[in-house]
Amino acid sequence: MKMSHELLEDLIGKRRYLHENPELAFEEFNTTAHIKKWLQEHNISILPLDLETGVVAEVKGAFAGPTIAIRSDIDALPIKEETKVPFKSKTDGKMHACGHDFHTVSILGAAILLNEQKDNLHGTVRFIFQAAEEVAQGAKLAVEKGALEGVSSIFGMHNKPDLPVGTIGVKSGGLMASVDKFKINFHGVGGHAGIPHNAIDPIVIASQYVTSVQTIIARRLNLFDNAVISITSIHGGNTWNVIPDVVMLEGTVRTFQPEARAAIPGLMKNLAESIAQGNGGSVEFIWDDYLPVVNNDANLEGIVRATAVEAGYNVVDAVPSAGGEDFAFYQTYIPGFFVWMGVDGPQEWHHPQFDLKEDAIKVASEYFANLAVNVLNKK
């Protein structure tokens with residue numbers, strides 16, 4: 001399935017419009033309206049789901065078959081753009097610094113290509129233009145509103161600035177890390193800094209924990225698990241000669257194996273309790289399950305790779321990222337596969353000078369249209 005030069009130019013124009021008019025998570029009202037308009041211009045059906053932002057559409061083939069889904073995200077970031085492109089953001093402090101504008105028009109292009117071939121299509125392809133990926137809430141809401149009803153598998157991508165256009169990164173298993181947050185309050189007994197034996201110093205307790213918690217990675221997890229514990233914030237005390245009552249730590253844990261993710265909170269909590277109690281204090285341990293692992297289904301890898309090879313793209317083994325992606329939520333319900341799409345950009349995601357080469361739109365659109373046909377035919 002090939003894209004015409006005219007369609008590519010049209011999609012580039014749409015990408016530039018979205019880039020000029022970025023909207024943050026759950027504020028994508030204009031973006032949503034334009035996606036709906038563009039779909040309707042090609043007579044692509046929009047499902048009547050109760051979503052304030054985001055769109056779910058379908059191309060239904062002439063022949064019976066399963067329903068699969070292709071997902072895109074549509075929100076921007078609260079970043080001031082520093083590129084020199086003529087279509088830079090018109091909204092100060094908001095920018096498509098993660099390439100979701102590219103994702104949106106690429107999957108729109110795939111929908112247009114498939115719609116032109118629907119008389120030969122065996123099954124249905126659902127297109128999820130999802131809101132609020134950057135705050136890890138959009139996928140959950142889309143599922144709650146019925147976006148996955150009747151869907152047997154789901155596919156998606158993220159642009160990859162360090163890969164050339166025409167290169168697709170593929171890997172089964174963990175591709176993007178789980179993202180969890182924690183907050184730990186170590187409670188002691190405040191007092192005079194010159195009379196510490198009458199106090200229980202939570203700074204000492206917290207300090208012991210900061211150094212000891214890394215033994216969980218080094219000594220409690222399997223050598224072949226990938227995980228990191230980062231304490232990123234410490235707050236305690238407000239003057240030089242007073243021992244405080246409490247010290248608060250915050251941080252994040254990233255893992256690639258669901259088993260490691262399940263084990264770490266208990267290990268961290270037990271360690272915190274033992275150190276606190278050993279020093280006469282107490283602890284409040286708060287864990288926030290934020291994002292699961294983007295865990296690609298090994299049974300889908302063959303067709304994902306073969307589709308890229310057949311089209312003449314360069315297929316490489318994807319290097320995992322410790323960043324998070326809420327595509328992972330869909331994979332907790334149905335099998336899914338997420339790939340890297342090369343865009344040859346000058347900077348990484350979330351950088352104020354993030355940009356990409358727009359000829360990657362053609363690659364991504366054609367790839368997902370062909371992948372959908374191959375998956376449906378295989379079923």
# chains A, B, ... in the order shown; residues from 1 in each chain; ligands from 1
$ residues_around --residues "segment 284-296 of chain A" --least-positions-apart "4" --cutoff "6 Å" --atoms "only C-alpha atoms" --output "mmCIF file with N, CA and C atoms, in the first residue's frame"
data_model
loop_
_atom_site.group_PDB
_atom_site.id
_atom_site.type_symbol
_atom_site.label_atom_id
_atom_site.label_comp_id
_atom_site.auth_asym_id
_atom_site.auth_seq_id
_atom_site.Cartn_x
_atom_site.Cartn_y
_atom_site.Cartn_z
ATOM 1 N N SER A 172 10.424 -7.802 21.265
ATOM 2 C CA SER A 172 9.431 -8.407 22.150
ATOM 3 C C SER A 172 9.779 -8.109 23.604
ATOM 4 N N GLY A 173 8.782 -8.269 24.476
ATOM 5 C CA GLY A 173 9.006 -8.041 25.898
ATOM 6 C C GLY A 173 9.046 -6.562 26.238
ATOM 7 N N GLY A 174 9.782 -6.227 27.300
ATOM 8 C CA GLY A 174 9.781 -4.863 27.796
ATOM 9 C C GLY A 174 10.498 -3.894 26.873
ATOM 10 N N LEU A 175 9.766 -2.915 26.351
ATOM 11 C CA LEU A 175 10.348 -1.885 25.488
ATOM 12 C C LEU A 175 10.467 -0.554 26.214
ATOM 13 N N MET A 176 9.446 -0.203 26.991
ATOM 14 C CA MET A 176 9.496 1.014 27.790
ATOM 15 C C MET A 176 9.151 0.641 29.227
ATOM 16 N N ALA A 177 9.834 1.267 30.155
ATOM 17 C CA ALA A 177 9.785 0.839 31.547
ATOM 18 C C ALA A 177 8.446 1.145 32.219
ATOM 19 N N SER A 178 8.157 0.340 33.241
ATOM 20 C CA SER A 178 7.096 0.755 34.155
ATOM 21 C C SER A 178 7.570 1.998 34.888
ATOM 22 N N VAL A 179 6.625 2.812 35.299
ATOM 23 C CA VAL A 179 6.934 4.053 36.016
ATOM 24 C C VAL A 179 6.088 4.078 37.279
ATOM 25 N N ASP A 180 6.735 4.045 38.423
ATOM 26 C CA ASP A 180 6.028 4.125 39.690
ATOM 27 C C ASP A 180 6.640 5.233 40.533
ATOM 28 N N LYS A 181 5.826 5.792 41.415
ATOM 29 C CA LYS A 181 6.257 6.888 42.284
ATOM 30 C C LYS A 181 6.141 6.455 43.737
ATOM 31 N N PHE A 182 7.001 7.011 44.579
ATOM 32 C CA PHE A 182 6.883 6.732 46.011
ATOM 33 C C PHE A 182 7.148 7.995 46.820
ATOM 34 N N LYS A 183 6.581 7.977 48.008
ATOM 35 C CA LYS A 183 6.809 9.031 48.996
ATOM 36 C C LYS A 183 6.985 8.354 50.343
ATOM 37 N N ILE A 184 8.040 8.714 51.063
ATOM 38 C CA ILE A 184 8.344 8.083 52.345
ATOM 39 C C ILE A 184 8.528 9.181 53.386
ATOM 40 N N ASN A 185 7.736 9.117 54.436
ATOM 41 C CA ASN A 185 7.870 10.051 55.551
ATOM 42 C C ASN A 185 8.482 9.328 56.747
ATOM 43 N N PHE A 256 11.544 -3.206 33.899
ATOM 44 C CA PHE A 256 11.117 -3.766 32.626
ATOM 45 C C PHE A 256 10.447 -5.126 32.779
ATOM 46 N N ALA A 328 1.033 1.049 27.429
ATOM 47 C CA ALA A 328 1.144 -0.137 28.281
ATOM 48 C C ALA A 328 -0.201 -0.552 28.873
ATOM 49 N N GLY A 336 -0.497 -6.675 22.456
ATOM 50 C CA GLY A 336 -0.144 -5.475 21.716
ATOM 51 C C GLY A 336 1.323 -5.440 21.364
ATOM 52 N N PHE A 337 1.649 -4.559 20.424
ATOM 53 C CA PHE A 337 3.044 -4.405 20.020
ATOM 54 C C PHE A 337 3.297 -2.946 19.671
#
$ residues_around --residues "Ser153 of chain A" --least-positions-apart "6" --cutoff "8 Å" --atoms "only C-alpha atoms" --output "JSON list (two decimals) with C-alpha atoms, in the first residue's frame"
[["chain", "number", "residue", "atom", "x", "y", "z"],
["A", 67, "THR", "CA", -11.15, -6.11, 14.86],
["A", 68, "ILE", "CA", -7.67, -4.80, 15.56],
["A", 69, "ALA", "CA", -6.65, -1.35, 16.77],
["A", 334, "ILE", "CA", -5.16, -7.44, 25.02],
["A", 335, "PRO", "CA", -1.98, -8.44, 23.17],
["A", 336, "GLY", "CA", -0.14, -5.48, 21.72]]
$ select_by_dssp --residues "segment 198-305 of chain A" --states "strand (DSSP E)" --output "VMD selection string"
chain A and resid 227 to 236 242 to 243 246 to 255 282 to 291 294 to 296
$ write_last_selection --atoms "N, CA, C and O atoms" --output "compact mmCIF listing (two decimals), in the first residue's frame"
# COMPACT_ATOMS: atom_id res chain seq x y z
N ALA A 227 16.18 -2.71 36.60
CA ALA A 227 15.43 -1.83 37.47
C ALA A 227 16.32 -0.73 38.01
O ALA A 227 17.55 -0.90 38.10
N VAL A 228 15.72 0.38 38.37
CA VAL A 228 16.45 1.46 39.02
C VAL A 228 15.53 2.13 40.03
O VAL A 228 14.33 2.28 39.80
N ILE A 229 16.11 2.46 41.19
CA ILE A 229 15.41 3.22 42.23
C ILE A 229 16.11 4.56 42.34
O ILE A 229 17.31 4.62 42.62
N SER A 230 15.38 5.64 42.13
CA SER A 230 15.96 6.98 42.21
C SER A 230 15.21 7.80 43.24
O SER A 230 14.00 8.01 43.11
N ILE A 231 15.93 8.24 44.26
CA ILE A 231 15.37 9.20 45.22
C ILE A 231 15.71 10.59 44.70
O ILE A 231 16.88 10.95 44.55
N THR A 232 14.68 11.37 44.42
CA THR A 232 14.87 12.62 43.71
C THR A 232 14.54 13.86 44.53
O THR A 232 14.74 14.98 44.06
N SER A 233 14.04 13.66 45.74
CA SER A 233 13.66 14.82 46.55
C SER A 233 13.77 14.46 48.03
O SER A 233 13.32 13.39 48.45
N ILE A 234 14.42 15.33 48.80
CA ILE A 234 14.54 15.17 50.25
C ILE A 234 14.17 16.49 50.91
O ILE A 234 14.72 17.54 50.56
N HIS A 235 13.25 16.42 51.88
CA HIS A 235 12.86 17.63 52.60
C HIS A 235 12.81 17.32 54.10
O HIS A 235 12.16 16.36 54.52
N GLY A 236 13.50 18.14 54.90
CA GLY A 236 13.45 17.95 56.34
C GLY A 236 14.15 19.10 57.06
O GLY A 236 15.23 19.51 56.67
N VAL A 242 18.08 22.83 64.99
CA VAL A 242 16.91 22.10 65.47
C VAL A 242 16.79 20.79 64.69
O VAL A 242 16.80 20.79 63.46
N ILE A 243 16.70 19.68 65.41
CA ILE A 243 16.41 18.38 64.78
C ILE A 243 14.92 18.34 64.47
O ILE A 243 14.09 18.57 65.37
N VAL A 246 10.23 15.21 61.16
CA VAL A 246 9.96 14.35 60.00
C VAL A 246 10.88 14.74 58.84
O VAL A 246 11.24 15.92 58.68
N VAL A 247 11.25 13.75 58.08
CA VAL A 247 11.95 13.95 56.82
C VAL A 247 11.17 13.20 55.73
O VAL A 247 10.80 12.04 55.91
N MET A 248 10.95 13.88 54.60
CA MET A 248 10.18 13.30 53.50
C MET A 248 11.11 13.02 52.31
O MET A 248 11.89 13.88 51.90
N LEU A 249 11.00 11.82 51.76
CA LEU A 249 11.71 11.44 50.54
C LEU A 249 10.68 11.16 49.44
O LEU A 249 9.60 10.63 49.71
N GLU A 250 11.04 11.51 48.21
CA GLU A 250 10.22 11.15 47.06
C GLU A 250 11.13 10.61 45.95
O GLU A 250 12.33 10.91 45.92
N GLY A 251 10.55 9.83 45.07
CA GLY A 251 11.34 9.32 43.96
C GLY A 251 10.53 8.45 43.04
O GLY A 251 9.30 8.40 43.10
N THR A 252 11.26 7.74 42.18
CA THR A 252 10.62 6.89 41.18
C THR A 252 11.36 5.58 41.05
O THR A 252 12.56 5.51 41.32
N VAL A 253 10.63 4.56 40.63
CA VAL A 253 11.19 3.24 40.33
C VAL A 253 10.83 2.91 38.89
O VAL A 253 9.68 3.08 38.47
N ARG A 254 11.82 2.44 38.14
CA ARG A 254 11.60 2.01 36.76
C ARG A 254 12.03 0.55 36.64
O ARG A 254 13.10 0.17 37.10
N THR A 255 11.19 -0.25 35.99
CA THR A 255 11.51 -1.66 35.77
C THR A 255 11.04 -2.08 34.38
O THR A 255 10.21 -1.41 33.76
N SER A 282 9.57 5.90 63.18
CA SER A 282 8.52 5.21 62.44
C SER A 282 8.49 5.75 61.02
O SER A 282 9.16 6.74 60.70
N VAL A 283 7.71 5.09 60.17
CA VAL A 283 7.71 5.48 58.77
C VAL A 283 6.32 5.35 58.18
O VAL A 283 5.53 4.49 58.56
N GLU A 284 6.02 6.22 57.23
CA GLU A 284 4.81 6.16 56.41
C GLU A 284 5.27 5.97 54.97
O GLU A 284 5.96 6.83 54.41
N PHE A 285 4.90 4.84 54.37
CA PHE A 285 5.36 4.49 53.02
C PHE A 285 4.17 4.57 52.07
O PHE A 285 3.16 3.88 52.25
N ILE A 286 4.28 5.41 51.03
CA ILE A 286 3.19 5.64 50.09
C ILE A 286 3.69 5.28 48.68
O ILE A 286 4.68 5.85 48.20
N TRP A 287 3.01 4.36 48.04
CA TRP A 287 3.40 3.87 46.71
C TRP A 287 2.32 4.21 45.70
O TRP A 287 1.13 4.02 45.96
N ASP A 288 2.69 4.69 44.53
CA ASP A 288 1.74 5.04 43.47
C ASP A 288 2.06 4.23 42.22
O ASP A 288 3.06 4.46 41.55
N ASP A 289 1.21 3.24 41.91
CA ASP A 289 1.34 2.49 40.66
C ASP A 289 0.95 3.40 39.50
O ASP A 289 -0.23 3.66 39.29
N TYR A 290 1.92 3.87 38.77
CA TYR A 290 1.67 4.92 37.77
C TYR A 290 1.49 4.35 36.37
O TYR A 290 0.47 4.57 35.73
N LEU A 291 2.47 3.61 35.90
CA LEU A 291 2.41 3.05 34.54
C LEU A 291 3.02 1.66 34.52
O LEU A 291 4.12 1.46 35.04
N VAL A 294 5.60 -1.32 28.98
CA VAL A 294 5.22 -1.58 27.59
C VAL A 294 5.81 -2.95 27.24
O VAL A 294 7.00 -3.08 27.00
N ASN A 295 4.94 -3.95 27.27
CA ASN A 295 5.38 -5.35 27.21
C ASN A 295 4.89 -5.97 25.90
O ASN A 295 3.76 -6.45 25.80
N ASN A 296 5.74 -5.97 24.89
CA ASN A 296 5.34 -6.41 23.56
C ASN A 296 5.15 -7.92 23.48
O ASN A 296 6.01 -8.68 23.93
$ closest_residue --among "A:Asp344, A:Glu149, A:Asp75, A:Glu41" --to "Glu358 of chain A" --atoms "only C-alpha atoms"
A:Asp344
$ atom_distance --atom1 "atom CA of Asp355 of chain A" --atom2 "atom CA of Ile168 of chain A"
17.9 Å
$ closest_residue --among "A:Lys36, A:His187, A:Lys84, A:Arg219" --to "Ile205 of chain A" --atoms "only C-alpha atoms"
A:His187
$ select_by_dssp --residues "segment 11-161 of chain A" --states "alpha helix (DSSP H)" --output "number ranges by chain"
A: 11-20, 29-41, 100-116, 138-144
$ residues_around --residues "segment 110-117 of chain A" --least-positions-apart "2" --cutoff "9 Å" --atoms "only C-alpha atoms" --output "PyMOL selection string"
chain A and resi 1-3+39+42-44+57-61+105-108+119-121+125-127+364-370+372-373
$ closest_residue --among "A:Met157, A:Ala25, A:Val165, A:Val204" --to "Gln137 of chain A" --atoms "only C-alpha atoms"
A:Ala25
$ atom_distance --atom1 "atom CA of His5 of chain A" --atom2 "atom CA of Lys357 of chain A"
15.7 Å
$ closest_residue --among "A:Ala136, A:Val343, A:Ile154, A:Ile79" --to "Lys94 of chain A" --atoms "only C-alpha atoms"
A:Ile79
$ residues_around --residues "segment 300-314 of chain A" --least-positions-apart "4" --cutoff "6 Å" --atoms "only C-alpha atoms" --output "mmCIF file with all heavy atoms, in the first residue's frame"
data_model
loop_
_atom_site.group_PDB
_atom_site.id
_atom_site.type_symbol
_atom_site.label_atom_id
_atom_site.label_comp_id
_atom_site.auth_asym_id
_atom_site.auth_seq_id
_atom_site.Cartn_x
_atom_site.Cartn_y
_atom_site.Cartn_z
ATOM 1 N N GLY A 166 12.943 5.532 7.838
ATOM 2 C CA GLY A 166 12.987 4.252 7.143
ATOM 3 C C GLY A 166 13.511 3.120 7.996
ATOM 4 O O GLY A 166 13.573 1.984 7.542
ATOM 5 N N THR A 167 13.882 3.428 9.236
ATOM 6 C CA THR A 167 14.324 2.405 10.186
ATOM 7 C C THR A 167 13.242 2.212 11.243
ATOM 8 O O THR A 167 12.711 3.180 11.789
ATOM 9 C CB THR A 167 15.645 2.809 10.850
ATOM 10 O OG1 THR A 167 16.668 2.883 9.850
ATOM 11 C CG2 THR A 167 16.054 1.813 11.916
ATOM 12 N N LEU A 371 0.596 -3.275 7.882
ATOM 13 C CA LEU A 371 0.572 -4.159 9.040
ATOM 14 C C LEU A 371 -0.854 -4.597 9.354
ATOM 15 O O LEU A 371 -1.102 -5.784 9.642
ATOM 16 C CB LEU A 371 1.190 -3.448 10.253
ATOM 17 C CG LEU A 371 1.172 -4.227 11.571
ATOM 18 C CD1 LEU A 371 2.014 -5.497 11.465
ATOM 19 C CD2 LEU A 371 1.686 -3.352 12.720
#
$ atom_distance --atom1 "atom CA of Leu18 of chain A" --atom2 "atom CA of Glu6 of chain A"
18.7 Å
$ residues_around --residues "Ala97 of chain A" --least-positions-apart "3" --cutoff "7 Å" --atoms "only C-alpha atoms" --output "tab-separated table (two decimals) with N, CA and C atoms, in the first residue's frame"
chain	number	residue	atom	x	y	z
A	76	ALA	N	0.16	17.64	23.69
A	76	ALA	CA	1.45	18.32	23.68
A	76	ALA	C	1.98	18.46	25.09
A	77	LEU	N	3.06	19.22	25.24
A	77	LEU	CA	3.76	19.37	26.52
A	77	LEU	C	3.86	20.84	26.93
A	349	TRP	N	13.19	13.39	22.88
A	349	TRP	CA	11.85	13.77	23.34
A	349	TRP	C	11.93	14.80	24.47
A	350	HIS	N	10.96	15.68	24.50
A	350	HIS	CA	10.76	16.66	25.58
A	350	HIS	C	11.81	17.77	25.58
A	351	HIS	N	12.58	17.86	24.52
A	351	HIS	CA	13.57	18.94	24.41
A	351	HIS	C	12.92	20.12	23.69
A	352	PRO	N	13.21	21.36	24.09
A	352	PRO	CA	12.58	22.52	23.44
A	352	PRO	C	12.97	22.70	21.98
A	354	PHE	N	13.16	19.97	19.93
A	354	PHE	CA	12.74	18.71	19.30
A	354	PHE	C	12.15	19.00	17.91
$ closest_residue --among "A:Trp240, A:Phe102, A:Trp340, A:Phe329" --to "His192 of chain A" --atoms "only C-alpha atoms"
A:Trp240
$ residues_around --residues "Ala199 of chain A" --least-positions-apart "5" --cutoff "6 Å" --atoms "only C-alpha atoms" --output "PyMOL selection string"
chain A and resi 189-191
$ closest_residue --among "A:Ser89, A:Gln130, A:Asn222, A:Gln257" --to "Thr104 of chain A" --atoms "only C-alpha atoms"
A:Gln130
